[in-house]
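Written below as structure tokens is the structure these notes are about.
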Amino acid sequence: MMVRGYSRDHRPDCEQMVIALIVNSEGFPFSYETFDGNRADVSTMETILRMVERKYGKARRIWVFDRGIVSEENLAAIRKRGGQYLVGTPRRQMKRFEAELLKEDWTQVRPDVEVKRVAIPQGNETYILCRTTGRKEKERAIRKRFSTRMEEALRRLQTTIAEGRLKDRNKMERRLGKIQARHSQVNDLFEVTLRDTPQAYVWFGR
């Protein structure tokens with residue numbers, strides 16, 4: 001039960017156990033289950049569903065989970081039982097809503113919170129996109145910081161090549177690849193080319 005596993009507190013040296021806490025609509029806990037500390041959230045769903053139904057009977061419940069427990073298998077298990085769910089969407093799925101995120105038809109529900117409902121064509125799910133002023137400013141600052149760092153790294157590589165301190169093209173490409181890998185969050189902001197000239201150099205622009 002007490003074993004080392006993924007630690008959200010960044011303490012991989014500590015043993016832990018996983019507790020699945022079940023609360024009602026008002027936030028009061030009424031049941032829990034314990035699991036081994038190295039068990040992933042995504043693998044606990046079927047156990048939780050069976051446990052709740054065994055203790056409290058079957059009902060058309062609305063299940064609310066964070067994105068750590070989301071998988072198509074888990075959502076299918078809820079649908080199979082006739083349940084509904086409200087879950088956080090993994091970031092990797094947000095690209096499909098890129099066009100919607102860029103539109104300005106948001107509804108303000110609080111001074112710093114805007115939402116938008118997006119129905120999936122020929123699907124049974126509806127997505128609620130949410131953005132906050134604070135989060136937007138934070139992400140903008142993060143992208144600016146990373147883009148500045150990437151630009152500085154590209155300029156250093158550009159200077160190194162121009163001064164003749166790096167002449168091997170394979171090494172140039174590896175250096176460039178490392179820069180792009182370290183700054184993957186902002187690669188889309190730059191157009192980078194290693195040009196074939198008598199004195200090869202890096203060209204980049206936004």
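By convention here, the chains of the structure tokens are called A, B, ... in the order presented, each chain's residues are numbered starting at 1, and ligands are numbered starting at 1 in the order presented.
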
Could you please write out, as an NGL selection string, every residue of chain A that DSSP assigns to helix (DSSP H, G or I)? :A and (41-43 or 45-56 or 67-69 or 72-80 or 91-102 or 133-162 or 169-182 or 184-189)

Go ahead and write the residues just picked, C-alpha atoms, as an mmCIF file, in the first residue's frame.
```cif
data_model
loop_
_atom_site.group_PDB
_atom_site.id
_atom_site.type_symbol
_atom_site.label_atom_id
_atom_site.label_comp_id
_atom_site.auth_asym_id
_atom_site.auth_seq_id
_atom_site.Cartn_x
_atom_site.Cartn_y
_atom_site.Cartn_z
ATOM 1 C CA ASP A 41 -5.201 7.967 -11.412
ATOM 2 C CA VAL A 42 -6.309 6.804 -14.831
ATOM 3 C CA SER A 43 -6.328 3.146 -13.733
ATOM 4 C CA MET A 45 -11.918 4.437 -12.517
ATOM 5 C CA GLU A 46 -13.469 0.986 -12.933
ATOM 6 C CA THR A 47 -12.730 0.181 -9.295
ATOM 7 C CA ILE A 48 -14.356 3.418 -8.109
ATOM 8 C CA LEU A 49 -17.449 2.880 -10.263
ATOM 9 C CA ARG A 50 -17.984 -0.631 -8.937
ATOM 10 C CA MET A 51 -17.354 0.441 -5.361
ATOM 11 C CA VAL A 52 -19.851 3.322 -5.475
ATOM 12 C CA GLU A 53 -22.532 1.185 -7.127
ATOM 13 C CA ARG A 54 -21.978 -1.601 -4.615
ATOM 14 C CA LYS A 55 -22.305 0.729 -1.631
ATOM 15 C CA TYR A 56 -24.914 3.204 -2.869
ATOM 16 C CA ARG A 67 -7.870 15.681 -16.292
ATOM 17 C CA GLY A 68 -5.500 13.197 -14.634
ATOM 18 C CA ILE A 69 -8.122 10.459 -14.737
ATOM 19 C CA GLU A 72 -11.483 7.131 -23.526
ATOM 20 C CA GLU A 73 -11.777 3.792 -21.710
ATOM 21 C CA ASN A 74 -12.799 5.519 -18.478
ATOM 22 C CA LEU A 75 -15.353 7.745 -20.195
ATOM 23 C CA ALA A 76 -16.759 4.726 -22.033
ATOM 24 C CA ALA A 77 -17.166 2.934 -18.688
ATOM 25 C CA ILE A 78 -19.275 5.839 -17.392
ATOM 26 C CA ARG A 79 -21.377 6.010 -20.561
ATOM 27 C CA LYS A 80 -21.977 2.259 -20.393
ATOM 28 C CA ARG A 91 -3.971 19.898 -22.956
ATOM 29 C CA ARG A 92 -2.987 17.709 -25.903
ATOM 30 C CA GLN A 93 -6.616 17.804 -27.074
ATOM 31 C CA MET A 94 -6.867 21.586 -27.076
ATOM 32 C CA LYS A 95 -5.394 21.944 -30.576
ATOM 33 C CA ARG A 96 -8.702 20.797 -32.049
ATOM 34 C CA PHE A 97 -10.266 23.963 -30.599
ATOM 35 C CA GLU A 98 -7.599 26.353 -31.852
ATOM 36 C CA ALA A 99 -10.010 28.129 -34.211
ATOM 37 C CA GLU A 100 -12.623 28.508 -31.472
ATOM 38 C CA LEU A 101 -10.064 29.853 -29.026
ATOM 39 C CA LEU A 102 -9.141 32.614 -31.471
ATOM 40 C CA THR A 133 -7.559 37.155 -17.568
ATOM 41 C CA GLY A 134 -4.924 36.064 -15.082
ATOM 42 C CA ARG A 135 -4.209 32.821 -16.910
ATOM 43 C CA LYS A 136 -4.084 34.562 -20.268
ATOM 44 C CA GLU A 137 -1.576 37.117 -19.003
ATOM 45 C CA LYS A 138 0.495 34.393 -17.353
ATOM 46 C CA GLU A 139 0.681 32.297 -20.533
ATOM 47 C CA ARG A 140 1.490 35.382 -22.591
ATOM 48 C CA ALA A 141 4.361 36.217 -20.234
ATOM 49 C CA ILE A 142 5.630 32.620 -20.366
ATOM 50 C CA ARG A 143 5.619 32.593 -24.177
ATOM 51 C CA LYS A 144 7.377 35.949 -24.268
ATOM 52 C CA ARG A 145 10.060 34.687 -21.891
ATOM 53 C CA PHE A 146 10.628 31.507 -23.906
ATOM 54 C CA SER A 147 10.619 33.365 -27.228
ATOM 55 C CA THR A 148 13.229 35.811 -25.910
ATOM 56 C CA ARG A 149 15.417 32.933 -24.752
ATOM 57 C CA MET A 150 15.076 31.151 -28.093
ATOM 58 C CA GLU A 151 15.931 34.301 -30.020
ATOM 59 C CA GLU A 152 19.028 34.830 -27.868
ATOM 60 C CA ALA A 153 20.106 31.208 -28.417
ATOM 61 C CA LEU A 154 19.636 31.540 -32.186
ATOM 62 C CA ARG A 155 21.650 34.753 -32.246
ATOM 63 C CA ARG A 156 24.486 33.081 -30.329
ATOM 64 C CA LEU A 157 24.510 30.205 -32.816
ATOM 65 C CA GLN A 158 24.362 32.693 -35.673
ATOM 66 C CA THR A 159 27.386 34.553 -34.279
ATOM 67 C CA THR A 160 29.342 31.343 -33.637
ATOM 68 C CA ILE A 161 28.886 30.268 -37.259
ATOM 69 C CA ALA A 162 29.592 33.727 -38.689
ATOM 70 C CA ARG A 169 27.195 21.391 -40.946
ATOM 71 C CA ASN A 170 26.135 18.285 -39.017
ATOM 72 C CA LYS A 171 27.160 19.958 -35.769
ATOM 73 C CA MET A 172 25.285 23.097 -36.812
ATOM 74 C CA GLU A 173 22.129 21.064 -37.372
ATOM 75 C CA ARG A 174 22.513 19.310 -34.023
ATOM 76 C CA ARG A 175 22.967 22.636 -32.218
ATOM 77 C CA LEU A 176 19.940 24.045 -33.989
ATOM 78 C CA GLY A 177 17.898 20.939 -33.152
ATOM 79 C CA LYS A 178 18.784 21.251 -29.467
ATOM 80 C CA ILE A 179 17.689 24.889 -29.426
ATOM 81 C CA GLN A 180 14.360 24.006 -31.012
ATOM 82 C CA ALA A 181 13.845 21.090 -28.618
ATOM 83 C CA ARG A 182 14.540 23.254 -25.562
ATOM 84 C CA SER A 184 9.341 23.693 -28.247
ATOM 85 C CA GLN A 185 6.643 25.911 -26.690
ATOM 86 C CA VAL A 186 7.492 28.770 -29.057
ATOM 87 C CA ASN A 187 8.840 27.039 -32.162
ATOM 88 C CA ASP A 188 5.720 28.138 -34.015
ATOM 89 C CA LEU A 189 6.769 31.781 -33.574
#
```

If you run DSSP over the backbone, which residues in region 20-121 of chain A end up strand (DSSP E)? Put them as a PDB file with N, CA and C atoms, in the first residue's frame.
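So the final result, stored in selection01.pdb, reads:
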```
ATOM      1  N   ALA A  20      -8.900   7.713  -3.005  1.00  0.00           N
ATOM      2  CA  ALA A  20      -9.984   8.192  -3.864  1.00  0.00           C
ATOM      3  C   ALA A  20     -11.105   8.661  -2.947  1.00  0.00           C
ATOM      4  N   LEU A  21     -11.336   9.960  -2.921  1.00  0.00           N
ATOM      5  CA  LEU A  21     -12.346  10.547  -2.043  1.00  0.00           C
ATOM      6  C   LEU A  21     -13.594  10.868  -2.854  1.00  0.00           C
ATOM      7  N   ILE A  22     -14.735  10.430  -2.379  1.00  0.00           N
ATOM      8  CA  ILE A  22     -15.999  10.647  -3.077  1.00  0.00           C
ATOM      9  C   ILE A  22     -16.839  11.614  -2.256  1.00  0.00           C
ATOM     10  N   VAL A  23     -17.281  12.690  -2.903  1.00  0.00           N
ATOM     11  CA  VAL A  23     -18.060  13.716  -2.207  1.00  0.00           C
ATOM     12  C   VAL A  23     -19.410  13.879  -2.892  1.00  0.00           C
ATOM     13  N   PRO A  29     -17.598  14.831   1.936  1.00  0.00           N
ATOM     14  CA  PRO A  29     -17.165  13.456   1.644  1.00  0.00           C
ATOM     15  C   PRO A  29     -18.089  12.439   2.299  1.00  0.00           C
ATOM     16  N   PHE A  30     -18.390  11.370   1.561  1.00  0.00           N
ATOM     17  CA  PHE A  30     -19.206  10.313   2.152  1.00  0.00           C
ATOM     18  C   PHE A  30     -18.622   8.926   1.918  1.00  0.00           C
ATOM     19  N   SER A  31     -17.508   8.839   1.203  1.00  0.00           N
ATOM     20  CA  SER A  31     -16.874   7.542   1.026  1.00  0.00           C
ATOM     21  C   SER A  31     -15.451   7.743   0.519  1.00  0.00           C
ATOM     22  N   TYR A  32     -14.634   6.718   0.684  1.00  0.00           N
ATOM     23  CA  TYR A  32     -13.273   6.777   0.165  1.00  0.00           C
ATOM     24  C   TYR A  32     -12.783   5.362  -0.105  1.00  0.00           C
ATOM     25  N   GLU A  33     -11.724   5.277  -0.867  1.00  0.00           N
ATOM     26  CA  GLU A  33     -11.079   4.004  -1.163  1.00  0.00           C
ATOM     27  C   GLU A  33      -9.582   4.263  -1.215  1.00  0.00           C
ATOM     28  N   THR A  34      -8.791   3.301  -0.778  1.00  0.00           N
ATOM     29  CA  THR A  34      -7.336   3.463  -0.794  1.00  0.00           C
ATOM     30  C   THR A  34      -6.714   2.534  -1.831  1.00  0.00           C
ATOM     31  N   PHE A  35      -5.612   3.012  -2.432  1.00  0.00           N
ATOM     32  CA  PHE A  35      -4.904   2.248  -3.459  1.00  0.00           C
ATOM     33  C   PHE A  35      -3.407   2.348  -3.214  1.00  0.00           C
ATOM     34  N   ASP A  36      -2.664   1.469  -3.866  1.00  0.00           N
ATOM     35  CA  ASP A  36      -1.207   1.520  -3.768  1.00  0.00           C
ATOM     36  C   ASP A  36      -0.694   2.870  -4.256  1.00  0.00           C
ATOM     37  N   ILE A  62     -23.760  12.136 -12.047  1.00  0.00           N
ATOM     38  CA  ILE A  62     -22.855  12.997 -12.806  1.00  0.00           C
ATOM     39  C   ILE A  62     -21.492  12.895 -12.133  1.00  0.00           C
ATOM     40  N   TRP A  63     -20.519  12.389 -12.866  1.00  0.00           N
ATOM     41  CA  TRP A  63     -19.184  12.178 -12.324  1.00  0.00           C
ATOM     42  C   TRP A  63     -18.302  13.363 -12.696  1.00  0.00           C
ATOM     43  N   VAL A  64     -17.590  13.887 -11.724  1.00  0.00           N
ATOM     44  CA  VAL A  64     -16.710  15.040 -11.938  1.00  0.00           C
ATOM     45  C   VAL A  64     -15.282  14.623 -11.595  1.00  0.00           C
ATOM     46  N   PHE A  65     -14.373  14.756 -12.566  1.00  0.00           N
ATOM     47  CA  PHE A  65     -12.981  14.353 -12.370  1.00  0.00           C
ATOM     48  C   PHE A  65     -12.046  15.407 -12.950  1.00  0.00           C
ATOM     49  N   GLN A  84     -23.353  10.506 -16.631  1.00  0.00           N
ATOM     50  CA  GLN A  84     -22.847  11.696 -17.306  1.00  0.00           C
ATOM     51  C   GLN A  84     -21.570  12.134 -16.606  1.00  0.00           C
ATOM     52  N   TYR A  85     -20.799  12.984 -17.265  1.00  0.00           N
ATOM     53  CA  TYR A  85     -19.530  13.373 -16.658  1.00  0.00           C
ATOM     54  C   TYR A  85     -19.157  14.802 -17.020  1.00  0.00           C
ATOM     55  N   LEU A  86     -18.415  15.395 -16.111  1.00  0.00           N
ATOM     56  CA  LEU A  86     -17.808  16.705 -16.319  1.00  0.00           C
ATOM     57  C   LEU A  86     -16.341  16.534 -15.967  1.00  0.00           C
ATOM     58  N   VAL A  87     -15.481  16.593 -16.972  1.00  0.00           N
ATOM     59  CA  VAL A  87     -14.067  16.282 -16.753  1.00  0.00           C
ATOM     60  C   VAL A  87     -13.188  17.358 -17.379  1.00  0.00           C
ATOM     61  N   THR A 107     -18.484  34.436 -23.539  1.00  0.00           N
ATOM     62  CA  THR A 107     -19.461  34.978 -22.598  1.00  0.00           C
ATOM     63  C   THR A 107     -18.788  35.193 -21.253  1.00  0.00           C
ATOM     64  N   GLN A 108     -18.892  36.394 -20.744  1.00  0.00           N
ATOM     65  CA  GLN A 108     -18.273  36.701 -19.452  1.00  0.00           C
ATOM     66  C   GLN A 108     -19.210  36.272 -18.328  1.00  0.00           C
ATOM     67  N   VAL A 109     -18.719  35.398 -17.439  1.00  0.00           N
ATOM     68  CA  VAL A 109     -19.544  34.903 -16.336  1.00  0.00           C
ATOM     69  C   VAL A 109     -19.082  35.465 -14.996  1.00  0.00           C
ATOM     70  N   ARG A 110     -17.860  35.963 -14.958  1.00  0.00           N
ATOM     71  CA  ARG A 110     -17.316  36.647 -13.793  1.00  0.00           C
ATOM     72  C   ARG A 110     -16.404  37.749 -14.305  1.00  0.00           C
ATOM     73  N   VAL A 113     -13.459  35.915 -15.799  1.00  0.00           N
ATOM     74  CA  VAL A 113     -13.664  34.581 -16.374  1.00  0.00           C
ATOM     75  C   VAL A 113     -14.604  34.664 -17.568  1.00  0.00           C
ATOM     76  N   GLU A 114     -14.187  34.060 -18.692  1.00  0.00           N
ATOM     77  CA  GLU A 114     -15.010  33.975 -19.892  1.00  0.00           C
ATOM     78  C   GLU A 114     -15.154  32.511 -20.298  1.00  0.00           C
ATOM     79  N   VAL A 115     -16.325  32.144 -20.822  1.00  0.00           N
ATOM     80  CA  VAL A 115     -16.573  30.760 -21.220  1.00  0.00           C
ATOM     81  C   VAL A 115     -17.202  30.723 -22.605  1.00  0.00           C
ATOM     82  N   LYS A 116     -17.143  29.537 -23.205  1.00  0.00           N
ATOM     83  CA  LYS A 116     -17.744  29.314 -24.517  1.00  0.00           C
ATOM     84  C   LYS A 116     -18.136  27.845 -24.614  1.00  0.00           C
ATOM     85  N   ARG A 117     -19.337  27.582 -25.120  1.00  0.00           N
ATOM     86  CA  ARG A 117     -19.789  26.206 -25.301  1.00  0.00           C
ATOM     87  C   ARG A 117     -19.564  25.787 -26.747  1.00  0.00           C
ATOM     88  N   VAL A 118     -18.933  24.622 -26.917  1.00  0.00           N
ATOM     89  CA  VAL A 118     -18.628  24.116 -28.251  1.00  0.00           C
ATOM     90  C   VAL A 118     -19.157  22.692 -28.360  1.00  0.00           C
ATOM     91  N   ALA A 119     -20.138  22.495 -29.211  1.00  0.00           N
ATOM     92  CA  ALA A 119     -20.681  21.154 -29.444  1.00  0.00           C
ATOM     93  C   ALA A 119     -19.867  20.467 -30.534  1.00  0.00           C
TER      94      ALA A 119
END
```

Work out how far apart CA of Asn38 (chain A) and CA of Thr89 (chain A) are and give it in Å to one decimal.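 Rounded to one decimal, the two atoms are 23.0 Å apart.
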